[in-house]
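To keep things clear, I will list the structure first and then write my remarks on it.
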Amino acid sequence: MPYWAELWPAGLRLAEALPDVREQRVVELGCGLGVPSLVAAAQGADVTATDWAPEAIELLETNAARNGVVVNTEVRDWRKPWQERFDLALAADVLYERRNVKPLLARLAELAPVALIGLAGRPYESTFLHQLGASEQHVAPNVIRLSAVEA
């Protein structure tokens, strides 16, 4: 089964930890099944969910329609820069490889002033947290909040 097709605990925890995002612009990086995106959209956020796998995006679009919510979707590699800005960035369980640490820091810094990250206990999460220094705040078990992220 592809990674995106698994209902990962980090995504569920992130969805549960979402604050009120009504009327905010939210982006989810590496959304997979997109549970945090669906929850944010149900709250009334303007959500853009991204994943590199077209199949993940197709399933998310189907699930959004079935749940009566609107989620903007893009097939996109989150490791590559883009210019759009959001109020909040989300990512859950995206640090499978060391090579993803720096791109994630860069995307978070350019996309939004605040980010919520669902951690899954992957080996490279410690590298990510170390590079953040003390700028993260735990908001729920395995969910951190980053403010004014610097790459």
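Each chain of the structure tokens is named A, B, ... in the order shown, its residues numbered from 1; ligands are numbered from 1 in display order.
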
**Request:** Can you check which residues of stretch 22-142 of chain A DSSP gives as strand (DSSP E or B) on the backbone and send them as a ChimeraX atom specification?
**Result:** /A:25-29,46-51,72-75,88-92,114-118,136-140

**Message:** Env of A:Ala64: 12 Å cut, atoms = only C-alpha atoms, seq-sep filter 6 positions within chain, self excluded. Answer as an NGL selection string.
**Reply:** :A and (33-42 or 47-49 or 57-58 or 70-73)

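One distance worth recording is that between atom CA of A:Val69 and atom CA of A:Ala15, which is 15.1 Å.
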
**Request:** Compile the contact shell of A:Arg76 as a VMD selection string: residues with an atom at most 8 Å away, counting only C-alpha atoms, same-chain residues fewer than 5 positions apart removed.
**Result:** chain A and resid 50 to 52

Quick one: everything within 8 Å of stretch 85-102 of chain A, counting only C-alpha atoms, minus sequence neighbours fewer than 3 positions away in the same chain. Send it as an mmCIF file with N, CA and C atoms, in the first residue's frame.
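File selection.cif, as written:
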data_model
loop_
_atom_site.group_PDB
_atom_site.id
_atom_site.type_symbol
_atom_site.label_atom_id
_atom_site.label_comp_id
_atom_site.auth_asym_id
_atom_site.auth_seq_id
_atom_site.Cartn_x
_atom_site.Cartn_y
_atom_site.Cartn_z
ATOM 1 N N TRP A 8 -2.548 7.509 9.017
ATOM 2 C CA TRP A 8 -1.464 7.581 9.993
ATOM 3 C C TRP A 8 -1.922 8.288 11.271
ATOM 4 N N ALA A 10 -0.332 10.301 13.192
ATOM 5 C CA ALA A 10 0.095 11.708 13.258
ATOM 6 C C ALA A 10 -0.913 12.620 12.572
ATOM 7 N N GLY A 11 -1.493 12.176 11.470
ATOM 8 C CA GLY A 11 -2.517 12.964 10.786
ATOM 9 C C GLY A 11 -3.771 13.109 11.625
ATOM 10 N N LEU A 14 -3.004 15.527 14.462
ATOM 11 C CA LEU A 14 -2.974 16.896 13.955
ATOM 12 C C LEU A 14 -4.397 17.414 13.736
ATOM 13 N N GLN A 24 -9.664 31.252 7.745
ATOM 14 C CA GLN A 24 -8.226 31.336 7.524
ATOM 15 C C GLN A 24 -7.853 30.587 6.249
ATOM 16 N N ARG A 25 -6.729 30.969 5.669
ATOM 17 C CA ARG A 25 -6.178 30.262 4.520
ATOM 18 C C ARG A 25 -5.184 29.234 5.059
ATOM 19 N N VAL A 26 -5.458 27.962 4.790
ATOM 20 C CA VAL A 26 -4.684 26.856 5.346
ATOM 21 C C VAL A 26 -4.128 26.014 4.204
ATOM 22 N N VAL A 27 -2.881 25.584 4.339
ATOM 23 C CA VAL A 27 -2.276 24.672 3.374
ATOM 24 C C VAL A 27 -1.787 23.436 4.124
ATOM 25 N N GLU A 28 -2.005 22.264 3.525
ATOM 26 C CA GLU A 28 -1.455 21.026 4.090
ATOM 27 C C GLU A 28 -0.443 20.468 3.100
ATOM 28 N N LEU A 29 0.755 20.198 3.597
ATOM 29 C CA LEU A 29 1.837 19.631 2.799
ATOM 30 C C LEU A 29 1.846 18.121 2.946
ATOM 31 N N GLY A 30 1.951 17.404 1.826
ATOM 32 C CA GLY A 30 1.986 15.941 1.882
ATOM 33 C C GLY A 30 0.733 15.391 2.531
ATOM 34 N N CYS A 31 -0.421 15.807 2.037
ATOM 35 C CA CYS A 31 -1.691 15.546 2.731
ATOM 36 C C CYS A 31 -2.107 14.087 2.796
ATOM 37 N N PRO A 36 -6.540 16.229 8.225
ATOM 38 C CA PRO A 36 -6.478 17.601 8.755
ATOM 39 C C PRO A 36 -7.109 18.625 7.809
ATOM 40 N N ARG A 79 8.533 19.856 -1.533
ATOM 41 C CA ARG A 79 9.947 20.209 -1.373
ATOM 42 C C ARG A 79 10.373 21.333 -2.310
ATOM 43 N N LEU A 105 11.614 22.878 6.387
ATOM 44 C CA LEU A 105 11.865 24.144 7.070
ATOM 45 C C LEU A 105 11.688 25.327 6.117
ATOM 46 N N ALA A 106 12.188 25.187 4.901
ATOM 47 C CA ALA A 106 12.070 26.267 3.917
ATOM 48 C C ALA A 106 10.619 26.521 3.529
ATOM 49 N N LEU A 108 7.862 25.829 5.232
ATOM 50 C CA LEU A 108 7.121 26.395 6.359
ATOM 51 C C LEU A 108 7.427 27.877 6.515
ATOM 52 N N GLU A 110 8.333 29.998 4.186
ATOM 53 C CA GLU A 110 7.821 30.834 3.094
ATOM 54 C C GLU A 110 6.302 30.807 2.977
ATOM 55 N N LEU A 111 5.650 29.786 3.499
ATOM 56 C CA LEU A 111 4.216 29.624 3.264
ATOM 57 C C LEU A 111 3.315 30.286 4.299
ATOM 58 N N ALA A 112 3.721 30.299 5.565
ATOM 59 C CA ALA A 112 2.811 30.781 6.604
ATOM 60 C C ALA A 112 3.586 31.226 7.843
ATOM 61 N N PRO A 113 3.020 32.170 8.593
ATOM 62 C CA PRO A 113 3.674 32.603 9.829
ATOM 63 C C PRO A 113 3.535 31.591 10.967
ATOM 64 N N VAL A 114 2.591 30.666 10.826
ATOM 65 C CA VAL A 114 2.346 29.648 11.855
ATOM 66 C C VAL A 114 2.191 28.299 11.179
ATOM 67 N N ALA A 115 2.733 27.259 11.821
ATOM 68 C CA ALA A 115 2.594 25.902 11.297
ATOM 69 C C ALA A 115 2.277 24.949 12.442
ATOM 70 N N LEU A 116 1.497 23.930 12.127
ATOM 71 C CA LEU A 116 1.259 22.823 13.050
ATOM 72 C C LEU A 116 1.807 21.571 12.396
ATOM 73 N N ILE A 117 2.624 20.840 13.143
ATOM 74 C CA ILE A 117 3.286 19.656 12.607
ATOM 75 C C ILE A 117 2.915 18.455 13.458
ATOM 76 N N GLY A 118 2.409 17.409 12.806
ATOM 77 C CA GLY A 118 2.136 16.142 13.483
ATOM 78 C C GLY A 118 3.360 15.259 13.398
ATOM 79 N N LEU A 119 3.906 14.902 14.547
ATOM 80 C CA LEU A 119 5.110 14.073 14.602
ATOM 81 C C LEU A 119 4.739 12.603 14.760
ATOM 82 N N ALA A 120 5.565 11.750 14.162
ATOM 83 C CA ALA A 120 5.257 10.325 14.167
ATOM 84 C C ALA A 120 6.377 9.477 14.758
ATOM 85 N N ARG A 122 9.517 9.488 13.659
ATOM 86 C CA ARG A 122 10.469 9.120 12.604
ATOM 87 C C ARG A 122 11.868 9.587 13.006
ATOM 88 N N PRO A 123 12.907 8.864 12.573
ATOM 89 C CA PRO A 123 14.272 9.213 12.979
ATOM 90 C C PRO A 123 14.691 10.645 12.655
ATOM 91 N N TYR A 124 14.228 11.226 11.560
ATOM 92 C CA TYR A 124 14.706 12.538 11.159
ATOM 93 C C TYR A 124 13.918 13.683 11.771
ATOM 94 N N GLU A 125 12.914 13.364 12.567
ATOM 95 C CA GLU A 125 12.196 14.422 13.273
ATOM 96 C C GLU A 125 13.099 15.098 14.297
ATOM 97 N N THR A 127 16.291 15.676 14.007
ATOM 98 C CA THR A 127 17.114 16.620 13.241
ATOM 99 C C THR A 127 16.310 17.884 12.947
ATOM 100 N N PHE A 128 15.078 17.709 12.541
ATOM 101 C CA PHE A 128 14.180 18.822 12.265
ATOM 102 C C PHE A 128 14.006 19.689 13.521
ATOM 103 N N ALA A 151 14.032 29.441 7.911
ATOM 104 C CA ALA A 151 14.712 28.323 7.241
ATOM 105 C C ALA A 151 16.179 28.301 7.569
#

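Between atom CA of A:Ala56 and atom CA of A:Trp4 the separation is 6.2 Å.
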
**Request:** To one decimal in Å, tell me the separation between atom CA of A:Trp82 and atom CA of A:Val21.
**Result:** 22.2 Å

**Message:** Taking the DSSP secondary structure from the backbone, can you list the residues of chain A that are alpha helix (DSSP H), as a PyMOL selection string?
**Reply:** chain A and resi 9-17+35-43+54-66+101-111+125-132

**Fill in**
Residue with the minimum atom-to-atom distance to A:Leu12, picked from A:Pro81, A:Pro103, A:Pro141, A:Pro54 with only C-alpha atoms counted, is A:Pro141
